[in-house]
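Engineer: mmCIF, C-alpha atoms, file run.cif:
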data_coords
#
loop_
_atom_site.label_atom_id
_atom_site.label_comp_id
_atom_site.auth_asym_id
_atom_site.auth_seq_id
_atom_site.Cartn_x
_atom_site.Cartn_y
_atom_site.Cartn_z
CA MET U 1 177.35 100.41 89.51
CA THR U 2 177.69 102.73 92.48
CA ALA U 3 174.90 105.06 93.55
CA TYR U 4 175.55 108.78 93.69
CA ILE U 5 173.19 109.32 96.60
CA GLU U 6 172.23 106.94 99.39
CA GLY U 7 170.49 106.90 102.75
CA GLU U 8 168.33 109.89 103.60
CA ARG U 9 169.08 111.65 100.31
CA ALA U 10 167.96 108.56 98.38
CA ARG U 11 164.72 108.52 100.38
CA THR U 12 164.20 112.17 99.53
CA ALA U 13 164.77 111.30 95.86
CA ALA U 14 162.18 108.51 96.14
CA ASP U 15 159.66 110.96 97.59
CA ALA U 16 160.31 113.41 94.75
CA VAL U 17 159.99 110.72 92.07
CA ALA U 18 156.78 109.38 93.62
CA LYS U 19 155.29 112.89 93.63
CA ILE U 20 156.26 113.49 90.01
CA LEU U 21 154.92 110.10 88.95
CA ALA U 22 151.58 110.84 90.60
CA ASP U 23 151.36 114.25 88.94
CA VAL U 24 152.35 112.97 85.49
CA GLN U 25 149.93 110.04 85.59
CA GLY U 26 147.15 112.22 86.97
CA ALA U 27 147.61 114.70 84.13
CA LEU U 28 147.52 111.91 81.54
CA ALA U 29 144.34 110.50 83.09
CA SER U 30 142.64 113.88 82.83
CA GLU U 31 143.84 114.51 79.25
CA PRO U 32 142.68 111.69 76.98
CA ALA U 33 144.05 113.58 73.95
CA ALA U 34 147.52 114.15 75.44
CA SER U 35 150.31 113.87 72.87
CA PRO U 36 151.92 110.49 72.14
CA SER U 37 155.24 111.82 73.40
CA ARG U 38 153.79 112.58 76.83
CA ALA U 39 152.56 109.02 77.21
CA ALA U 40 155.84 107.56 75.92
CA GLU U 41 157.98 109.71 78.22
CA ALA U 42 155.77 108.75 81.15
CA ALA U 43 156.30 105.10 80.21
CA LEU U 44 160.05 105.66 80.18
CA LEU U 45 159.88 107.19 83.64
CA CYS U 46 157.77 104.33 84.98
CA ALA U 47 160.29 101.78 83.69
CA TYR U 48 163.31 103.52 85.26
CA ALA U 49 161.47 104.39 88.47
CA GLY U 50 160.45 100.76 88.92
CA GLU U 51 164.10 99.74 88.66
CA ALA U 52 165.38 102.44 91.00
CA PHE U 53 162.59 102.24 93.57
CA PRO U 54 160.91 98.80 93.47
CA GLY U 55 157.19 99.01 94.22
CA ILE U 56 156.88 102.72 93.44
CA VAL U 57 154.80 102.03 90.33
CA ALA U 58 152.75 99.09 89.06
CA ASP U 59 154.85 96.57 87.13
CA ASP U 60 152.70 96.82 84.00
CA ARG U 61 152.26 100.59 84.01
CA ALA U 62 155.08 101.29 81.52
CA GLU U 63 153.62 98.78 79.08
CA GLN U 64 150.14 100.33 79.37
CA LEU U 65 151.50 103.81 78.67
CA LEU U 66 153.53 102.56 75.71
CA GLU U 67 150.38 101.06 74.20
CA ARG U 68 148.63 104.37 74.68
CA ALA U 69 151.49 106.23 72.98
CA ILE U 70 151.50 103.87 69.99
CA ASP U 71 147.72 104.13 69.63
CA ALA U 72 147.92 107.93 69.78
CA LEU U 73 150.57 107.97 67.04
CA GLY U 74 148.15 106.28 64.69
CA ALA U 75 145.26 108.54 65.65
CA GLY U 76 146.56 111.99 64.83
CA ALA U 77 149.25 114.32 63.57
CA CYS U 78 152.61 114.34 65.31
CA PRO U 79 155.76 116.09 64.06
CA MET U 80 158.66 114.06 62.70
CA ARG U 81 161.34 114.92 65.25
CA LEU U 82 163.25 113.33 68.12
CA HIS U 83 161.86 115.39 70.97
CA GLU U 84 158.10 115.53 71.29
CA GLY U 85 157.66 113.80 67.96
CA VAL U 86 157.22 110.53 66.14
CA ALA U 87 160.90 109.55 66.23
CA GLY U 88 161.11 110.17 69.96
CA VAL U 89 158.11 107.97 70.68
CA ALA U 90 159.59 105.23 68.51
CA TRP U 91 162.98 105.63 70.22
CA ILE U 92 161.35 105.04 73.60
CA VAL U 93 159.32 102.06 72.38
CA ASP U 94 162.45 100.47 70.94
CA HIS U 95 164.50 101.29 74.05
CA LEU U 96 162.00 99.67 76.40
CA VAL U 97 160.74 96.66 74.46
CA GLY U 98 162.91 96.31 71.34
CA ASP U 99 165.25 93.39 70.86
CA PRO U 100 167.94 93.44 68.14
CA ASP U 101 167.57 89.68 67.81
CA ASP U 102 163.87 89.86 67.01
CA ASP U 103 162.72 88.97 63.52
CA PRO U 104 162.30 92.24 61.57
CA ALA U 105 158.69 91.27 60.99
CA ASP U 106 158.12 91.51 64.75
CA ASP U 107 159.81 94.91 65.11
CA ALA U 108 157.29 97.27 66.71
CA VAL U 109 158.65 100.41 65.07
CA ALA U 110 159.98 99.16 61.72
CA ASP U 111 157.35 101.22 59.90
CA ILE U 112 158.64 104.36 61.65
CA ASP U 113 162.10 103.77 60.13
CA GLU U 114 160.58 104.01 56.67
CA LEU U 115 158.67 107.18 57.61
CA VAL U 116 161.83 108.82 58.95
CA LEU U 117 163.79 107.93 55.81
CA ASP U 118 161.02 109.32 53.62
CA HIS U 119 160.89 112.51 55.68
CA LEU U 120 164.63 113.03 55.27
CA ALA U 121 164.35 112.55 51.51
CA ARG U 122 161.69 115.28 51.35
CA LEU U 123 163.31 117.70 53.82
CA PRO U 124 164.17 120.94 51.97
CA PRO U 125 167.75 122.22 51.93
CA ASP U 126 166.91 124.87 54.52
CA GLY U 127 164.93 122.44 56.68
CA ASP U 128 165.70 122.02 60.36
CA TYR U 129 169.03 120.28 60.87
CA ASP U 130 169.25 120.39 64.65
CA PHE U 131 169.14 117.79 67.42
CA VAL U 132 165.80 118.58 69.02
CA ARG U 133 163.59 119.02 65.96
CA GLY U 134 165.71 118.32 62.88
CA ALA U 135 167.86 115.91 60.92
CA VAL U 136 170.51 115.36 63.61
CA GLY U 137 167.87 114.16 66.06
CA LEU U 138 166.55 111.75 63.45
CA GLY U 139 170.12 110.54 63.05
CA ALA U 140 170.21 109.84 66.78
CA TYR U 141 167.06 107.78 66.39
CA GLY U 142 168.62 105.86 63.52
CA MET U 143 171.85 105.28 65.43
CA ALA U 144 169.92 103.66 68.29
CA ARG U 145 168.43 101.20 65.81
CA ASP U 146 171.19 100.74 63.28
CA HIS U 147 171.07 96.97 63.66
CA ARG U 148 168.20 97.40 61.16
CA GLU U 149 169.09 98.11 57.54
CA CYS U 150 166.60 100.94 57.12
CA ALA U 151 167.90 102.66 60.26
CA ARG U 152 171.45 102.41 58.91
CA ARG U 153 170.23 104.21 55.82
CA ILE U 154 168.80 106.94 58.06
CA VAL U 155 172.19 107.41 59.72
CA GLN U 156 173.99 107.49 56.38
CA ALA U 157 171.49 109.98 54.94
CA VAL U 158 171.88 112.36 57.89
CA ALA U 159 175.69 112.13 57.79
CA ALA U 160 175.67 112.93 54.06
CA ARG U 161 173.24 115.81 54.54
CA MET U 162 175.30 117.37 57.33
CA THR U 163 178.52 117.02 55.36
CA ALA U 164 177.03 118.65 52.29
CA SER U 165 175.32 121.53 54.10
CA ALA U 166 178.14 122.70 56.41
CA VAL U 167 179.13 126.31 55.78
CA LYS U 168 182.56 127.84 56.13
CA THR U 169 183.09 130.62 58.69
CA PRO U 170 186.23 132.45 59.85
CA HIS U 171 186.33 130.12 62.85
CA GLY U 172 185.48 126.73 61.36
CA LEU U 173 182.42 124.97 59.97
CA ALA U 174 178.84 125.38 61.15
CA TRP U 175 175.28 125.19 59.75
CA HIS U 176 172.88 127.90 58.72
CA THR U 177 169.45 128.28 60.28
CA ALA U 178 167.14 130.19 57.94
CA ALA U 179 165.46 133.34 59.23
CA GLY U 180 162.03 131.84 58.62
CA ARG U 181 162.75 129.21 61.25
CA LEU U 182 163.61 131.75 63.94
CA PRO U 183 161.33 133.37 66.52
CA PRO U 184 160.36 136.94 65.60
CA HIS U 185 162.65 138.67 68.11
CA ARG U 186 165.70 136.84 66.76
CA ARG U 187 164.66 137.25 63.13
CA ALA U 188 164.57 141.01 63.66
CA VAL U 189 168.25 140.96 64.67
CA ALA U 190 169.32 138.36 62.10
CA PRO U 191 167.24 138.78 58.92
CA ASP U 192 169.64 136.50 57.02
CA GLY U 193 169.35 133.73 59.60
CA VAL U 194 171.85 132.59 62.22
CA LEU U 195 174.73 130.26 62.92
CA ASP U 196 173.65 128.50 66.10
CA VAL U 197 176.26 127.23 68.55
CA GLY U 198 174.17 125.28 71.05
CA MET U 199 173.45 121.62 71.67
CA ALA U 200 169.69 121.80 71.17
CA HIS U 201 169.53 123.70 67.89
CA GLY U 202 173.08 124.25 66.69
CA ALA U 203 176.60 123.16 65.95
CA ALA U 204 177.32 121.53 69.33
CA GLY U 205 174.45 119.09 68.84
CA ALA U 206 175.61 118.26 65.32
CA LEU U 207 179.19 117.86 66.55
CA ALA U 208 178.11 115.51 69.34
CA TRP U 209 176.15 113.25 67.00
CA LEU U 210 178.73 113.23 64.21
CA SER U 211 181.46 112.49 66.77
CA ALA U 212 179.49 109.60 68.22
CA LEU U 213 179.11 108.22 64.71
CA ALA U 214 182.80 108.73 63.89
CA GLY U 215 183.72 106.94 67.10
CA ARG U 216 182.21 103.68 65.84
CA ILE U 217 184.66 100.88 65.09
CA ASP U 218 182.90 99.67 61.95
CA ASP U 219 182.32 101.04 58.46
CA ARG U 220 179.91 103.69 59.69
CA ALA U 221 182.82 105.72 61.04
CA SER U 222 183.87 106.39 57.43
CA TRP U 223 180.63 108.30 56.83
CA VAL U 224 182.11 111.26 58.75
CA SER U 225 185.29 113.07 57.72
CA PRO U 226 187.78 113.85 60.53
CA ASP U 227 188.41 117.18 58.79
CA LEU U 228 184.72 118.03 59.11
CA LEU U 229 184.72 117.15 62.81
CA ALA U 230 187.84 119.15 63.50
CA ALA U 231 186.47 122.22 61.72
CA VAL U 232 183.14 122.09 63.57
CA ALA U 233 184.99 121.60 66.86
CA ARG U 234 186.98 124.77 66.13
CA PHE U 235 183.75 126.71 65.65
CA VAL U 236 182.25 125.36 68.89
CA VAL U 237 185.44 126.02 70.86
CA HIS U 238 185.68 129.57 69.55
CA TRP U 239 182.12 130.57 70.40
CA GLY U 240 181.24 128.18 73.22
CA ALA U 241 184.21 127.04 75.30
CA GLY U 242 185.32 130.27 76.99
CA ASP U 243 183.98 131.69 80.22
CA ARG U 244 181.10 133.18 78.24
CA VAL U 245 178.98 131.32 75.67
CA THR U 246 177.72 132.87 72.44
CA GLY U 247 174.58 130.87 71.77
CA TRP U 248 174.10 132.15 68.23
CA LEU U 249 175.33 134.82 65.85
CA PRO U 250 173.88 136.38 62.70
CA ALA U 251 174.73 134.44 59.55
CA SER U 252 175.55 137.54 57.51
CA PRO U 253 179.35 137.94 57.48
CA HIS U 254 178.93 141.72 57.75
CA ALA U 255 176.55 141.42 60.70
CA SER U 256 178.78 138.99 62.56
CA ASP U 257 181.76 141.30 62.07
CA VAL U 258 179.83 144.26 63.44
CA ARG U 259 177.98 142.46 66.16
CA ASP U 260 180.18 140.07 68.08
CA PRO U 261 177.52 138.99 70.59
CA GLY U 262 180.19 138.41 73.24
CA GLY U 263 178.14 135.81 74.98
CA ALA U 264 177.14 135.40 78.60
CA PRO U 265 177.75 132.91 81.40
CA ASN U 266 175.36 130.04 80.75
CA ALA U 267 175.46 126.59 82.33
CA SER U 268 172.51 125.05 80.47
CA TRP U 269 172.45 122.00 78.21
CA CYS U 270 170.60 123.67 75.36
CA TYR U 271 172.67 126.81 74.80
CA GLY U 272 175.38 126.71 77.42
CA HIS U 273 178.47 125.02 78.75
CA THR U 274 176.80 121.72 79.70
CA GLY U 275 175.95 120.90 76.08
CA VAL U 276 179.20 122.32 74.72
CA ALA U 277 181.32 120.32 77.17
CA MET U 278 179.64 117.05 76.19
CA ALA U 279 180.01 117.79 72.48
CA LEU U 280 183.72 118.54 72.89
CA GLU U 281 184.22 115.38 74.95
CA LEU U 282 182.71 113.24 72.19
CA ALA U 283 184.72 115.10 69.53
CA GLY U 284 187.92 114.61 71.51
CA VAL U 285 187.31 110.87 71.67
CA ALA U 286 186.50 110.61 67.95
CA LEU U 287 189.51 112.71 66.91
CA HIS U 288 191.89 111.29 69.53
CA ASP U 289 192.40 114.89 70.62
CA GLU U 290 193.30 115.10 74.30
CA THR U 291 193.23 118.91 74.20
CA LEU U 292 189.53 118.86 73.37
CA ARG U 293 188.87 116.30 76.10
CA HIS U 294 190.84 118.39 78.59
CA THR U 295 188.79 121.46 77.64
CA ALA U 296 185.59 119.46 78.14
CA VAL U 297 186.47 118.04 81.54
CA GLU U 298 187.77 121.38 82.82
CA ARG U 299 184.53 123.01 81.77
CA ALA U 300 182.57 120.23 83.52
CA ARG U 301 184.56 120.77 86.71
CA ALA U 302 183.94 124.51 86.60
CA LEU U 303 180.22 123.95 86.08
CA ALA U 304 179.98 121.40 88.87
CA ASP U 305 181.64 123.76 91.34
CA ASP U 306 179.79 126.90 90.21
CA THR U 307 177.38 128.34 92.76
CA THR U 308 176.06 131.20 90.61
CA HIS U 309 173.84 128.89 88.50
CA ALA U 310 174.19 131.30 85.57
CA GLY U 311 171.65 130.65 82.85
CA LEU U 312 169.80 127.94 84.80
CA THR U 313 166.09 128.67 85.02
CA ASN U 314 164.59 125.53 86.57
CA LEU U 315 165.37 122.02 87.82
CA GLY U 316 165.16 120.32 84.41
CA LEU U 317 167.64 118.85 81.98
CA CYS U 318 167.50 121.42 79.19
CA HIS U 319 167.60 124.71 81.08
CA GLY U 320 168.32 123.58 84.60
CA HIS U 321 170.16 121.87 87.39
CA ALA U 322 169.48 118.26 86.34
CA GLY U 323 171.48 118.81 83.14
CA VAL U 324 174.55 120.03 85.03
CA ALA U 325 174.33 117.11 87.46
CA LEU U 326 174.03 114.64 84.59
CA LEU U 327 177.09 116.14 82.89
CA ALA U 328 179.15 115.96 86.09
CA GLY U 329 178.30 112.30 86.61
CA THR U 330 178.83 111.41 82.95
CA MET U 331 182.24 113.07 82.85
CA ALA U 332 183.19 111.57 86.21
CA ARG U 333 182.56 108.11 84.76
CA ARG U 334 184.29 108.77 81.47
CA HIS U 335 187.40 110.28 83.11
CA ASP U 336 187.38 108.31 86.40
CA ASP U 337 187.41 111.69 88.18
CA ASP U 338 186.70 111.53 91.92
CA ALA U 339 186.26 115.29 92.27
CA LEU U 340 183.59 115.32 89.58
CA ARG U 341 181.91 112.33 91.17
CA ARG U 342 181.70 114.14 94.52
CA ALA U 343 180.37 117.23 92.77
CA ALA U 344 177.74 115.14 90.96
CA ALA U 345 176.67 113.57 94.25
CA ARG U 346 176.30 117.01 95.83
CA ARG U 347 174.36 118.35 92.87
CA LEU U 348 172.06 115.32 92.81
CA GLY U 349 171.40 115.57 96.55
CA GLU U 350 170.42 119.20 96.07
CA LEU U 351 168.23 118.26 93.12
CA ALA U 352 166.42 115.63 95.20
CA ARG U 353 165.84 118.15 98.01
CA ASP U 354 164.52 120.85 95.69
CA ALA U 355 162.35 118.49 93.64
CA ALA U 356 160.78 117.04 96.78
CA ALA U 357 159.95 120.56 98.00
CA ALA U 358 158.66 121.86 94.65
CA GLY U 359 155.03 121.98 93.65
CA PRO U 360 153.62 120.37 90.48
CA ASP U 361 155.30 121.47 87.26
CA ASP U 362 153.10 122.40 84.31
CA ASP U 363 155.97 121.19 82.09
CA ARG U 364 155.91 117.41 82.40
CA SER U 365 158.32 116.68 79.55
CA LEU U 366 161.61 114.81 79.57
CA LEU U 367 163.63 117.57 77.98
CA SER U 368 162.70 120.56 80.09
CA GLY U 369 160.23 119.38 82.71
CA SER U 370 159.53 117.10 85.64
CA VAL U 371 159.92 113.76 83.82
CA GLY U 372 163.56 114.63 83.09
CA VAL U 373 164.11 115.60 86.74
CA ALA U 374 162.64 112.32 87.94
CA LEU U 375 164.71 110.27 85.48
CA THR U 376 167.84 112.03 86.73
CA LEU U 377 166.95 111.15 90.33
CA CYS U 378 166.38 107.51 89.35
CA TRP U 379 169.89 107.46 87.89
CA ALA U 380 171.23 109.12 91.06
CA VAL U 381 170.31 106.06 93.13
CA THR U 382 171.25 103.39 90.58
CA GLY U 383 174.45 104.81 89.06
CA GLY U 384 175.87 103.42 85.85
CA THR U 385 175.04 104.77 82.40
CA PRO U 386 171.41 105.87 82.00
CA GLY U 387 170.26 104.65 78.62
CA TRP U 388 167.67 107.42 78.34
CA ALA U 389 170.47 110.03 78.39
CA ALA U 390 171.20 109.20 74.73
CA LEU U 391 168.20 111.43 74.06
CA LEU U 392 170.49 114.30 75.05
CA MET U 393 173.77 112.86 73.66
CA MET U 394 174.82 112.43 77.32
CA ALA U 395 175.09 108.64 77.58
#
Taking this structure as input, can you express it in the form of structure tokens?
Structural biologist:
Amino acid sequence: MTAYIEGERARTAADAVAKILADVQGALASEPAASPSRAAEAALLCAYAGEAFPGIVADDRAEQLLERAIDALGAGACPMRLHEGVAGVAWIVDHLVGDPDDDPADDAVADIDELVLDHLARLPPDGDYDFVRGAVGLGAYGMARDHRECARRIVQAVAARMTASAVKTPHGLAWHTAAGRLPPHRRAVAPDGVLDVGMAHGAAGALAWLSALAGRIDDRASWVSPDLLAAVARFVVHWGAGDRVTGWLPASPHASDVRDPGGAPNASWCYGHTGVAMALELAGVALHDETLRHTAVERARALADDTTHAGLTNLGLCHGHAGVALLAGTMARRHDDDALRRAAARRLGELARDAAAAGPDDDRSLLSGSVGVALTLCWAVTGGTPGWAALLMMA
């Protein structure tokens, strides 16, 4: 594994991570009722920071925070979702301390598998399907643990649900998001709901997960039809792979004919080219489609070289610069692309500089806040494949 940044830039990254760690731990100390996900994400950061920068955090701090997260799960309500929910906490616990060879009776999150499976069985037809808060995210949790029989059933249930609920459009297959699940300003424009294109809440996220499943070399690959993947990829390419990204469009055929949103330049992971590029890369691998992979890597190169930062609103992974840097490094590794590697190194050096200079962030989450920035900087000095990036389909 080769580091992306070294020397003075790595020391700047260490300063930034130390500052974020202090802020995150201070906030947790002052908020005894902080959500389980906050404690679990802080534990994840402590584990990766300790590897990247030995001595930066106490050796047992990650374990202490994991225990706090598990205790908090049992003490109160927490949504069943991958990000900021029960499944995400369990994913982190399993990632940090799970062992596939352990006796199932000793599995720390085996009970969560059963809860996830029960939740999927009760999820209404118009329930959330997306990666961040819906069925696809639960499928990602199950895929991480599919050495366990119950987790395999989670994966199979999500694959079946997504296959059955895909809707035909003039440009391929997608999924419908009901109007009742939209924010008021979007519901006013799309009273019949929307077809979402993005990674966080739409077709790109579903495509990424289904493609990762189809890319398996065992029987699980048969749970996803290549025809389904190809049709969803067509939809994502049509609305998301040009110079401008259409993040969503009204589900009513009449409305979508009248109002072609046209899109806007957007580099973000959640609704922009970063998420779309990763989804198309995974689809290209699963479908053995070099055209899709070429589209993905060209989009990654364009993003890495872009200086306009269109659509980026902060330093984080979801809406910001860390997500673009992570994509550049991921695609550099997958394609052995020196130009992308240099671009990733430049982006990560800039991220370290800006994070070190920034003040405390009120958003201390992995997805959109300072924990995600710090995890990205830990990866910048260690290289390799960051395991935590599977929480964004970017591993």
Engineer: Which neighbours of range 242-247 of chain U fall inside 10 Å, counting all atoms listed in the file, when residues of the same chain fewer than 6 positions from it are skipped, and could you give them as a list in words?
Structural biologist: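 Final neighbour list, sorted by chain and number: Leu195, Asp196, Val197, Gly198, Met199, His201, Gly202, Ala203, Val236, Asp260, Pro261, Gly262, Gly263, Ala264, Pro265, Asn266, Ala267, Cys270, Tyr271, Gly272, His273, Val276, Thr295, Arg299 and Ala302 of chain U.
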Engineer: Please evaluate the PyMOL selection byres ((chain U and resi 3) around 9) against the displayed coordinates and give the resulting residues as a list in words.
Structural biologist: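 Selected by the PyMOL selection byres ((chain U and resi 3) around 9) in this file: Met1, Thr2, Tyr4, Ile5, Glu6, Ala345, Trp379, Ala380, Val381, Thr382, Gly383 and Gly384 of chain U.
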Engineer: Go through U:Ala159, U:Ala58, U:Leu391, U:Ala230 one by one, measure the shortest atom-to-atom distance of each to Thr291 in chain U using all atoms listed in the file, and give the residue with the smallest value.
Structural biologist: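 With all atoms listed in the file as the atom set, the closest residue is U:Ala230.
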Engineer: What does the PyMOL selection byres ((chain U and resi 362) around 12) select in this file, as JSON, numbers by chain?
Structural biologist: {"U": [20, 23, 24, 27, 358, 359, 360, 361, 363, 364, 365, 368, 369, 370, 371]}
Engineer: Name the residues that the PyMOL selection byres ((chain U and resi 74-85) around 6) pulls out of this structure, and write them as a JSON list (two decimals) with C-alpha atoms, in the frame of the given file.
Structural biologist:
[["chain", "number", "residue", "atom", "x", "y", "z"],
["U", 37, "SER", "CA", 155.24, 111.82, 73.40],
["U", 71, "ASP", "CA", 147.72, 104.13, 69.63],
["U", 72, "ALA", "CA", 147.92, 107.93, 69.78],
["U", 73, "LEU", "CA", 150.57, 107.97, 67.04],
["U", 86, "VAL", "CA", 157.22, 110.53, 66.14],
["U", 87, "ALA", "CA", 160.90, 109.55, 66.23],
["U", 88, "GLY", "CA", 161.11, 110.17, 69.96],
["U", 132, "VAL", "CA", 165.80, 118.58, 69.02],
["U", 133, "ARG", "CA", 163.59, 119.02, 65.96],
["U", 137, "GLY", "CA", 167.87, 114.16, 66.06],
["U", 138, "LEU", "CA", 166.55, 111.75, 63.45]]
Engineer: Would you mind reading off the distance between CA of His95 in chain U and CA of Val109 in chain U, one decimal, in Å?
Structural biologist: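 Atom-to-atom, CA of His95 in chain U and CA of Val109 in chain U are spaced 10.8 Å apart.
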Engineer: Env of Ala296 in chain U: 12 Å cut, atoms = all atoms listed in the file, seq-sep filter 5 positions within chain, self excluded. Answer as a PyMOL selection string.
Structural biologist: chain U and resi 233+236-237+240-242+273-285+289-291+301-303+327-328+330-332+334-335
Engineer: Nearest to Arg181 in chain U: which of U:Pro226, U:Gly193, U:Pro32, U:Gly349 is it, counting only C-alpha atoms?
Structural biologist: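 Result for the nearest residue to Arg181 in chain U: U:Gly193.
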Engineer: So that all listed atoms of range 374-391 of chain U fit with 6 Å spare on each side, what axis-aligned box centre and edge lengths in Å, to one decimal, would you give as lines of an AutoDock Vina configuration file?
Structural biologist:
center_x = 169.3
center_y = 107.9
center_z = 83.6
size_x = 25.2
size_y = 20.9
size_z = 31.1
Engineer: Supply range 304-311 of chain U as an mmCIF file, in the coordinates of the input, with all heavy atoms built in where the input has gaps.
Structural biologist:
data_model
loop_
_atom_site.group_PDB
_atom_site.id
_atom_site.type_symbol
_atom_site.label_atom_id
_atom_site.label_comp_id
_atom_site.auth_asym_id
_atom_site.auth_seq_id
_atom_site.Cartn_x
_atom_site.Cartn_y
_atom_site.Cartn_z
ATOM 1 N N ALA U 304 180.390 122.150 87.681
ATOM 2 C CA ALA U 304 179.980 121.400 88.870
ATOM 3 C C ALA U 304 180.236 122.178 90.150
ATOM 4 O O ALA U 304 179.493 122.048 91.126
ATOM 5 C CB ALA U 304 180.721 120.064 88.906
ATOM 6 N N ASP U 305 181.286 122.995 90.142
ATOM 7 C CA ASP U 305 181.640 123.760 91.340
ATOM 8 C C ASP U 305 180.985 125.138 91.389
ATOM 9 O O ASP U 305 181.068 125.831 92.404
ATOM 10 C CB ASP U 305 183.159 123.930 91.424
ATOM 11 C CG ASP U 305 183.882 122.613 91.674
ATOM 12 O OD1 ASP U 305 183.243 121.699 92.233
ATOM 13 O OD2 ASP U 305 185.069 122.498 91.306
ATOM 14 N N ASP U 306 180.354 125.548 90.296
ATOM 15 C CA ASP U 306 179.790 126.900 90.210
ATOM 16 C C ASP U 306 178.574 127.032 91.117
ATOM 17 O O ASP U 306 177.696 126.172 91.123
ATOM 18 C CB ASP U 306 179.406 127.196 88.757
ATOM 19 C CG ASP U 306 178.771 128.557 88.595
ATOM 20 O OD1 ASP U 306 179.209 129.490 89.282
ATOM 21 O OD2 ASP U 306 177.830 128.679 87.788
ATOM 22 N N THR U 307 178.523 128.098 91.876
ATOM 23 C CA THR U 307 177.380 128.340 92.760
ATOM 24 C C THR U 307 176.503 129.486 92.265
ATOM 25 O O THR U 307 175.510 129.822 92.898
ATOM 26 C CB THR U 307 177.852 128.652 94.182
ATOM 27 O OG1 THR U 307 178.721 129.799 94.145
ATOM 28 C CG2 THR U 307 178.593 127.468 94.786
ATOM 29 N N THR U 308 176.865 130.086 91.118
ATOM 30 C CA THR U 308 176.060 131.200 90.610
ATOM 31 C C THR U 308 174.853 130.719 89.814
ATOM 32 O O THR U 308 173.871 131.445 89.665
ATOM 33 C CB THR U 308 176.902 132.123 89.714
ATOM 34 O OG1 THR U 308 177.275 131.406 88.526
ATOM 35 C CG2 THR U 308 178.148 132.601 90.437
ATOM 36 N N HIS U 309 174.932 129.483 89.286
ATOM 37 C CA HIS U 309 173.840 128.890 88.500
ATOM 38 C C HIS U 309 173.449 129.775 87.315
ATOM 39 O O HIS U 309 172.270 129.905 86.970
ATOM 40 C CB HIS U 309 172.616 128.626 89.380
ATOM 41 C CG HIS U 309 172.920 127.845 90.623
ATOM 42 N ND1 HIS U 309 173.723 126.730 90.618
ATOM 43 C CD2 HIS U 309 172.542 128.043 91.914
ATOM 44 C CE1 HIS U 309 173.826 126.248 91.860
ATOM 45 N NE2 HIS U 309 173.132 127.033 92.652
ATOM 46 N N ALA U 310 174.451 130.382 86.679
ATOM 47 C CA ALA U 310 174.190 131.300 85.570
ATOM 48 C C ALA U 310 173.474 130.602 84.431
ATOM 49 O O ALA U 310 173.914 129.548 83.957
ATOM 50 C CB ALA U 310 175.503 131.893 85.073
ATOM 51 N N GLY U 311 172.379 131.182 83.982
ATOM 52 C CA GLY U 311 171.650 130.650 82.850
ATOM 53 C C GLY U 311 170.710 129.504 83.175
ATOM 54 O O GLY U 311 169.994 129.034 82.298
#
